[in-house]
Amino acid sequence: MNDRKKALVTGGATGIGRSAVLALAKAGYDVAINYASSAKAAQEVAALAQGMGAQTMLLPCDVSDETAVRAMFAQVEAQFGHLDALVNNAGTTAKWKVKDLESLDLAEWDRTFAVNVRGLFQVTRAAVPLLRKGSNPSIVNTASIVGLRPGPQPLPYAASKAAVVNMTKTLAWNLGPEIRVNAVAPGWMEGDWMERMLGDKYDDLMGKRAKLTPLKRCVTADDVAETMMSLIQGNRFVTGEIIVIDGGFTSST
């Protein structure tokens, strides 16, 4: 009988989601991997997780689509029966020119909120019955440092992450005492996401940020996954909290 714990990670194919899937698998969880379009990357991370002994599920689903979300959880219930952990990591952003409000397409604003805010709520709501069947169930949401303070990210992305901060606290109040809900707020993170945000200035700006950080580097996806696992597996009396992961940058500026 498979007595491993069960988890679902949205946006689990790349970046933070990928690291979370592998950290969960290493810790003894079977993992359902949700993704929107990164099918090849999802298959690759599933194979790595299986190599660690995990049973995996690949779940293509746009988290902003309520019908698709409900169908996804029907699949999870049929195969896993319950969930012990949910990582709400799926996210998107908009394009804009910094400080130029007119450069923002409102359709991209709506899409950002549909995925980052409504999507997180829809996934969480659908997951609650399965989490209540789990052992010490925990939800971890991916927020961002720009949800707590200004930064160069597009305004709808930052505003959506501020909403994630608020929802984390509100959901913790609503779902306690059975289910704990926390969030992580990464600072500037190495990898594709910031490369797209900073363009050809990536190396220069990331290097400058690292020099201003007490721990002398920028955060990685694995750093974020490590903190997620501590919130999932420990911290039994912690809920409604937002854990900043930025090497001390915000505390020193």
# chains A, B, ... in the order shown; residues from 1 in each chain; ligands from 1
call {"tool": "residues_around", "arguments": {"residues": "Ala47 of chain A", "least_positions_apart": "3", "cutoff": "12 Å", "atoms": "only C-alpha atoms", "output": "number ranges by chain"}}
result
A: 13, 18, 21-22, 25, 31, 33, 40-44, 50-58
call {"tool": "residues_around", "arguments": {"residues": "segment 87-89 of chain A", "least_positions_apart": "2", "cutoff": "6 Å", "atoms": "only C-alpha atoms", "output": "ChimeraX atom specification"}}
result
/A:9-11,139-142
call {"tool": "write_last_selection", "arguments": {"atoms": "N, CA and C atoms", "output": "compact mmCIF listing (two decimals), in the first residue's frame"}}
result
# COMPACT_ATOMS: atom_id res chain seq x y z
N VAL A 9 0.98 20.81 -6.74
CA VAL A 9 1.69 22.05 -7.00
C VAL A 9 1.15 22.65 -8.29
N THR A 10 0.60 23.86 -8.23
CA THR A 10 0.20 24.53 -9.46
C THR A 10 1.40 25.28 -10.03
N GLY A 11 1.43 25.38 -11.35
CA GLY A 11 2.61 25.96 -11.99
C GLY A 11 3.84 25.15 -11.65
N ILE A 139 -1.24 24.78 3.26
CA ILE A 139 -1.22 25.47 1.98
C ILE A 139 -0.10 26.50 2.03
N VAL A 140 0.69 26.56 0.95
CA VAL A 140 1.69 27.61 0.81
C VAL A 140 1.46 28.33 -0.51
N ASN A 141 1.28 29.63 -0.45
CA ASN A 141 1.07 30.46 -1.63
C ASN A 141 2.36 31.17 -2.02
N THR A 142 2.55 31.36 -3.32
CA THR A 142 3.69 32.13 -3.79
C THR A 142 3.27 33.58 -3.97
call {"tool": "closest_atom_pairs", "arguments": {"of": "segment 171-193 of chain A", "to": "segment 229-241 of chain A", "cutoff": "7 Å", "atoms": "only C-alpha atoms", "output": "tab-separated table"}}
result
residue	atom	partner	partner_atom	distance
A:Ala172	CA	A:Gly240	CA	5.0
A:Arg180	CA	A:Thr239	CA	5.1
A:Val181	CA	A:Thr239	CA	5.3
A:Asn182	CA	A:Glu241	CA	5.0
A:Ala183	CA	A:Glu241	CA	6.3
call {"tool": "write_last_selection", "arguments": {"atoms": "C-alpha atoms", "output": "tab-separated table (two decimals), in the first residue's frame"}}
result
chain	number	residue	atom	x	y	z
A	172	ALA	CA	-5.80	31.27	7.27
A	180	ARG	CA	-2.72	26.18	7.89
A	181	VAL	CA	-2.18	28.80	5.15
A	182	ASN	CA	1.08	30.71	4.68
A	183	ALA	CA	2.92	32.41	1.84
call {"tool": "residues_around", "arguments": {"residues": "Ile145 of chain A", "least_positions_apart": "4", "cutoff": "12 Å", "atoms": "only C-alpha atoms", "output": "PyMOL selection string"}}
result
chain A and resi 149-153+157-162+164-165+183-189+219+242-251
call {"tool": "select_by_dssp", "arguments": {"residues": "segment 119-221 of chain A", "states": "helix (DSSP H, G or I)", "output": "ChimeraX atom specification"}}
result
/A:119-131,145-147,155-175,192-211,221
call {"tool": "closest_residue", "arguments": {"among": "A:Asp204, A:Glu66, A:Asp30, A:Asp192", "to": "Arg125 of chain A", "atoms": "only C-alpha atoms"}}
result
A:Glu66
call {"tool": "select_by_dssp", "arguments": {"residues": "segment 20-233 of chain A", "states": "strand (DSSP E or B)", "output": "PyMOL selection string"}}
result
chain A and resi 29-35+56-60+85-88+97+100+138-142+180-186+189+219
call {"tool": "residues_around", "arguments": {"residues": "Ala23 of chain A", "least_positions_apart": "4", "cutoff": "7 Å", "atoms": "only C-alpha atoms", "output": "PDB file with N, CA and C atoms, in the first residue's frame"}}
result
ATOM      1  N   SER A  19      11.010  23.315  -8.428  1.00  0.00           N
ATOM      2  CA  SER A  19      11.800  23.047  -7.218  1.00  0.00           C
ATOM      3  C   SER A  19      10.919  22.507  -6.102  1.00  0.00           C
ATOM      4  N   ALA A  27      11.039  14.515  -0.042  1.00  0.00           N
ATOM      5  CA  ALA A  27      10.567  14.395   1.341  1.00  0.00           C
ATOM      6  C   ALA A  27       9.551  13.265   1.516  1.00  0.00           C
ATOM      7  N   ALA A 225      11.780  26.812  -2.362  1.00  0.00           N
ATOM      8  CA  ALA A 225      11.208  25.488  -2.084  1.00  0.00           C
ATOM      9  C   ALA A 225      11.593  25.001  -0.688  1.00  0.00           C
TER      10      ALA A 225
END
call {"tool": "closest_residue", "arguments": {"among": "A:Ala49, A:Asp84, A:Ala114, A:Leu155", "to": "Lys97 of chain A", "atoms": "only C-alpha atoms"}}
result
A:Leu155
call {"tool": "closest_residue", "arguments": {"among": "A:Leu171, A:Val128, A:Ala90, A:Leu198", "to": "Asn116 of chain A", "atoms": "only C-alpha atoms"}}
result
A:Ala90
call {"tool": "atom_distance", "arguments": {"atom1": "atom CA of Asn166 of chain A", "atom2": "atom CA of Arg118 of chain A"}}
result
12.9 Å
call {"tool": "closest_residue", "arguments": {"among": "A:Leu106, A:Ala32, A:Leu101, A:Ile16", "to": "Gln79 of chain A", "atoms": "only C-alpha atoms"}}
result
A:Ala32
call {"tool": "closest_residue", "arguments": {"among": "A:Gly207, A:Gly12, A:Gly199, A:Pro156", "to": "Ala94 of chain A", "atoms": "only C-alpha atoms"}}
result
A:Pro156
call {"tool": "decode", "arguments": {"residues": "segment 36-79 of chain A", "atoms": "N, CA and C atoms", "output": "PDB file, in the first residue's frame"}}
result
ATOM      1  N   ALA A  36       0.081  24.899 -17.247  1.00  0.00           N
ATOM      2  CA  ALA A  36      -0.823  25.463 -18.247  1.00  0.00           C
ATOM      3  C   ALA A  36      -0.358  25.140 -19.663  1.00  0.00           C
ATOM      4  N   SER A  37       0.928  25.373 -19.945  1.00  0.00           N
ATOM      5  CA  SER A  37       1.407  25.181 -21.314  1.00  0.00           C
ATOM      6  C   SER A  37       2.753  24.473 -21.409  1.00  0.00           C
ATOM      7  N   SER A  38       3.447  24.324 -20.302  1.00  0.00           N
ATOM      8  CA  SER A  38       4.812  23.763 -20.325  1.00  0.00           C
ATOM      9  C   SER A  38       4.783  22.244 -20.207  1.00  0.00           C
ATOM     10  N   ALA A  39       4.215  21.583 -21.203  1.00  0.00           N
ATOM     11  CA  ALA A  39       4.021  20.130 -21.125  1.00  0.00           C
ATOM     12  C   ALA A  39       5.349  19.373 -21.048  1.00  0.00           C
ATOM     13  N   LYS A  40       6.311  19.751 -21.893  1.00  0.00           N
ATOM     14  CA  LYS A  40       7.590  19.033 -21.905  1.00  0.00           C
ATOM     15  C   LYS A  40       8.308  19.190 -20.575  1.00  0.00           C
ATOM     16  N   ALA A  41       8.334  20.418 -20.048  1.00  0.00           N
ATOM     17  CA  ALA A  41       8.989  20.654 -18.764  1.00  0.00           C
ATOM     18  C   ALA A  41       8.286  19.891 -17.647  1.00  0.00           C
ATOM     19  N   ALA A  42       6.944  19.806 -17.716  1.00  0.00           N
ATOM     20  CA  ALA A  42       6.185  19.062 -16.705  1.00  0.00           C
ATOM     21  C   ALA A  42       6.533  17.579 -16.753  1.00  0.00           C
ATOM     22  N   GLN A  43       6.671  17.043 -17.952  1.00  0.00           N
ATOM     23  CA  GLN A  43       7.043  15.632 -18.092  1.00  0.00           C
ATOM     24  C   GLN A  43       8.438  15.375 -17.540  1.00  0.00           C
ATOM     25  N   GLU A  44       9.334  16.333 -17.751  1.00  0.00           N
ATOM     26  CA  GLU A  44      10.708  16.175 -17.260  1.00  0.00           C
ATOM     27  C   GLU A  44      10.761  16.189 -15.739  1.00  0.00           C
ATOM     28  N   VAL A  45      10.037  17.116 -15.098  1.00  0.00           N
ATOM     29  CA  VAL A  45      10.074  17.168 -13.637  1.00  0.00           C
ATOM     30  C   VAL A  45       9.346  15.966 -13.049  1.00  0.00           C
ATOM     31  N   ALA A  46       8.311  15.480 -13.727  1.00  0.00           N
ATOM     32  CA  ALA A  46       7.616  14.275 -13.257  1.00  0.00           C
ATOM     33  C   ALA A  46       8.558  13.076 -13.273  1.00  0.00           C
ATOM     34  N   ALA A  47       9.361  12.953 -14.323  1.00  0.00           N
ATOM     35  CA  ALA A  47      10.306  11.839 -14.411  1.00  0.00           C
ATOM     36  C   ALA A  47      11.334  11.912 -13.286  1.00  0.00           C
ATOM     37  N   LEU A  48      11.814  13.129 -12.980  1.00  0.00           N
ATOM     38  CA  LEU A  48      12.771  13.290 -11.885  1.00  0.00           C
ATOM     39  C   LEU A  48      12.137  12.922 -10.547  1.00  0.00           C
ATOM     40  N   ALA A  49      10.890  13.334 -10.340  1.00  0.00           N
ATOM     41  CA  ALA A  49      10.194  13.018  -9.093  1.00  0.00           C
ATOM     42  C   ALA A  49       9.966  11.510  -8.966  1.00  0.00           C
ATOM     43  N   GLN A  50       9.626  10.875 -10.083  1.00  0.00           N
ATOM     44  CA  GLN A  50       9.431   9.425 -10.070  1.00  0.00           C
ATOM     45  C   GLN A  50      10.733   8.704  -9.730  1.00  0.00           C
ATOM     46  N   GLY A  51      11.846   9.285 -10.177  1.00  0.00           N
ATOM     47  CA  GLY A  51      13.147   8.712  -9.852  1.00  0.00           C
ATOM     48  C   GLY A  51      13.456   8.752  -8.365  1.00  0.00           C
ATOM     49  N   MET A  52      12.748   9.640  -7.644  1.00  0.00           N
ATOM     50  CA  MET A  52      12.896   9.720  -6.186  1.00  0.00           C
ATOM     51  C   MET A  52      11.871   8.843  -5.471  1.00  0.00           C
ATOM     52  N   GLY A  53      11.077   8.108  -6.231  1.00  0.00           N
ATOM     53  CA  GLY A  53      10.096   7.207  -5.638  1.00  0.00           C
ATOM     54  C   GLY A  53       8.690   7.740  -5.573  1.00  0.00           C
ATOM     55  N   ALA A  54       8.455   8.929  -6.133  1.00  0.00           N
ATOM     56  CA  ALA A  54       7.129   9.539  -6.053  1.00  0.00           C
ATOM     57  C   ALA A  54       6.210   9.031  -7.160  1.00  0.00           C
ATOM     58  N   GLN A  55       4.964   8.862  -6.810  1.00  0.00           N
ATOM     59  CA  GLN A  55       3.913   8.707  -7.813  1.00  0.00           C
ATOM     60  C   GLN A  55       3.531  10.119  -8.251  1.00  0.00           C
ATOM     61  N   THR A  56       3.371  10.337  -9.544  1.00  0.00           N
ATOM     62  CA  THR A  56       3.039  11.678 -10.018  1.00  0.00           C
ATOM     63  C   THR A  56       1.784  11.654 -10.881  1.00  0.00           C
ATOM     64  N   MET A  57       1.153  12.814 -10.980  1.00  0.00           N
ATOM     65  CA  MET A  57       0.047  13.057 -11.898  1.00  0.00           C
ATOM     66  C   MET A  57       0.383  14.321 -12.682  1.00  0.00           C
ATOM     67  N   LEU A  58       0.146  14.305 -13.983  1.00  0.00           N
ATOM     68  CA  LEU A  58       0.315  15.492 -14.808  1.00  0.00           C
ATOM     69  C   LEU A  58      -1.062  16.062 -15.110  1.00  0.00           C
ATOM     70  N   LEU A  59      -1.260  17.325 -14.746  1.00  0.00           N
ATOM     71  CA  LEU A  59      -2.600  17.923 -14.804  1.00  0.00           C
ATOM     72  C   LEU A  59      -2.572  19.245 -15.565  1.00  0.00           C
ATOM     73  N   PRO A  60      -2.716  19.196 -16.904  1.00  0.00           N
ATOM     74  CA  PRO A  60      -2.814  20.449 -17.655  1.00  0.00           C
ATOM     75  C   PRO A  60      -4.132  21.143 -17.335  1.00  0.00           C
ATOM     76  N   CYS A  61      -4.051  22.390 -16.876  1.00  0.00           N
ATOM     77  CA  CYS A  61      -5.266  23.105 -16.464  1.00  0.00           C
ATOM     78  C   CYS A  61      -4.947  24.579 -16.289  1.00  0.00           C
ATOM     79  N   ASP A  62      -5.777  25.431 -16.867  1.00  0.00           N
ATOM     80  CA  ASP A  62      -5.705  26.865 -16.639  1.00  0.00           C
ATOM     81  C   ASP A  62      -6.440  27.141 -15.329  1.00  0.00           C
ATOM     82  N   VAL A  63      -5.698  27.584 -14.304  1.00  0.00           N
ATOM     83  CA  VAL A  63      -6.311  27.722 -12.982  1.00  0.00           C
ATOM     84  C   VAL A  63      -7.362  28.822 -12.927  1.00  0.00           C
ATOM     85  N   SER A  64      -7.423  29.680 -13.951  1.00  0.00           N
ATOM     86  CA  SER A  64      -8.465  30.716 -13.974  1.00  0.00           C
ATOM     87  C   SER A  64      -9.800  30.182 -14.472  1.00  0.00           C
ATOM     88  N   ASP A  65      -9.809  28.937 -14.958  1.00  0.00           N
ATOM     89  CA  ASP A  65     -11.012  28.291 -15.487  1.00  0.00           C
ATOM     90  C   ASP A  65     -11.623  27.417 -14.391  1.00  0.00           C
ATOM     91  N   GLU A  66     -12.715  27.874 -13.797  1.00  0.00           N
ATOM     92  CA  GLU A  66     -13.317  27.170 -12.662  1.00  0.00           C
ATOM     93  C   GLU A  66     -13.741  25.755 -13.014  1.00  0.00           C
ATOM     94  N   THR A  67     -14.349  25.563 -14.183  1.00  0.00           N
ATOM     95  CA  THR A  67     -14.785  24.222 -14.586  1.00  0.00           C
ATOM     96  C   THR A  67     -13.593  23.284 -14.710  1.00  0.00           C
ATOM     97  N   ALA A  68     -12.511  23.771 -15.315  1.00  0.00           N
ATOM     98  CA  ALA A  68     -11.309  22.952 -15.470  1.00  0.00           C
ATOM     99  C   ALA A  68     -10.674  22.634 -14.120  1.00  0.00           C
ATOM    100  N   VAL A  69     -10.704  23.597 -13.198  1.00  0.00           N
ATOM    101  CA  VAL A  69     -10.156  23.372 -11.859  1.00  0.00           C
ATOM    102  C   VAL A  69     -10.935  22.277 -11.136  1.00  0.00           C
ATOM    103  N   ARG A  70     -12.246  22.335 -11.206  1.00  0.00           N
ATOM    104  CA  ARG A  70     -13.066  21.305 -10.551  1.00  0.00           C
ATOM    105  C   ARG A  70     -12.789  19.935 -11.165  1.00  0.00           C
ATOM    106  N   ALA A  71     -12.638  19.888 -12.477  1.00  0.00           N
ATOM    107  CA  ALA A  71     -12.339  18.616 -13.141  1.00  0.00           C
ATOM    108  C   ALA A  71     -10.965  18.093 -12.725  1.00  0.00           C
ATOM    109  N   MET A  72     -10.008  19.003 -12.575  1.00  0.00           N
ATOM    110  CA  MET A  72      -8.670  18.612 -12.128  1.00  0.00           C
ATOM    111  C   MET A  72      -8.724  17.957 -10.753  1.00  0.00           C
ATOM    112  N   PHE A  73      -9.491  18.536  -9.853  1.00  0.00           N
ATOM    113  CA  PHE A  73      -9.551  17.972  -8.508  1.00  0.00           C
ATOM    114  C   PHE A  73     -10.331  16.667  -8.455  1.00  0.00           C
ATOM    115  N   ALA A  74     -11.232  16.472  -9.384  1.00  0.00           N
ATOM    116  CA  ALA A  74     -11.898  15.164  -9.473  1.00  0.00           C
ATOM    117  C   ALA A  74     -10.872  14.085  -9.824  1.00  0.00           C
ATOM    118  N   GLN A  75      -9.930  14.422 -10.706  1.00  0.00           N
ATOM    119  CA  GLN A  75      -8.863  13.486 -11.047  1.00  0.00           C
ATOM    120  C   GLN A  75      -7.964  13.212  -9.841  1.00  0.00           C
ATOM    121  N   VAL A  76      -7.625  14.279  -9.113  1.00  0.00           N
ATOM    122  CA  VAL A  76      -6.764  14.116  -7.939  1.00  0.00           C
ATOM    123  C   VAL A  76      -7.448  13.231  -6.898  1.00  0.00           C
ATOM    124  N   GLU A  77      -8.720  13.475  -6.671  1.00  0.00           N
ATOM    125  CA  GLU A  77      -9.451  12.669  -5.691  1.00  0.00           C
ATOM    126  C   GLU A  77      -9.488  11.208  -6.111  1.00  0.00           C
ATOM    127  N   ALA A  78      -9.700  10.958  -7.396  1.00  0.00           N
ATOM    128  CA  ALA A  78      -9.781   9.578  -7.874  1.00  0.00           C
ATOM    129  C   ALA A  78      -8.465   8.835  -7.698  1.00  0.00           C
ATOM    130  N   GLN A  79      -7.328   9.526  -7.894  1.00  0.00           N
ATOM    131  CA  GLN A  79      -6.036   8.848  -7.831  1.00  0.00           C
ATOM    132  C   GLN A  79      -5.373   8.936  -6.456  1.00  0.00           C
TER     133      GLN A  79
END
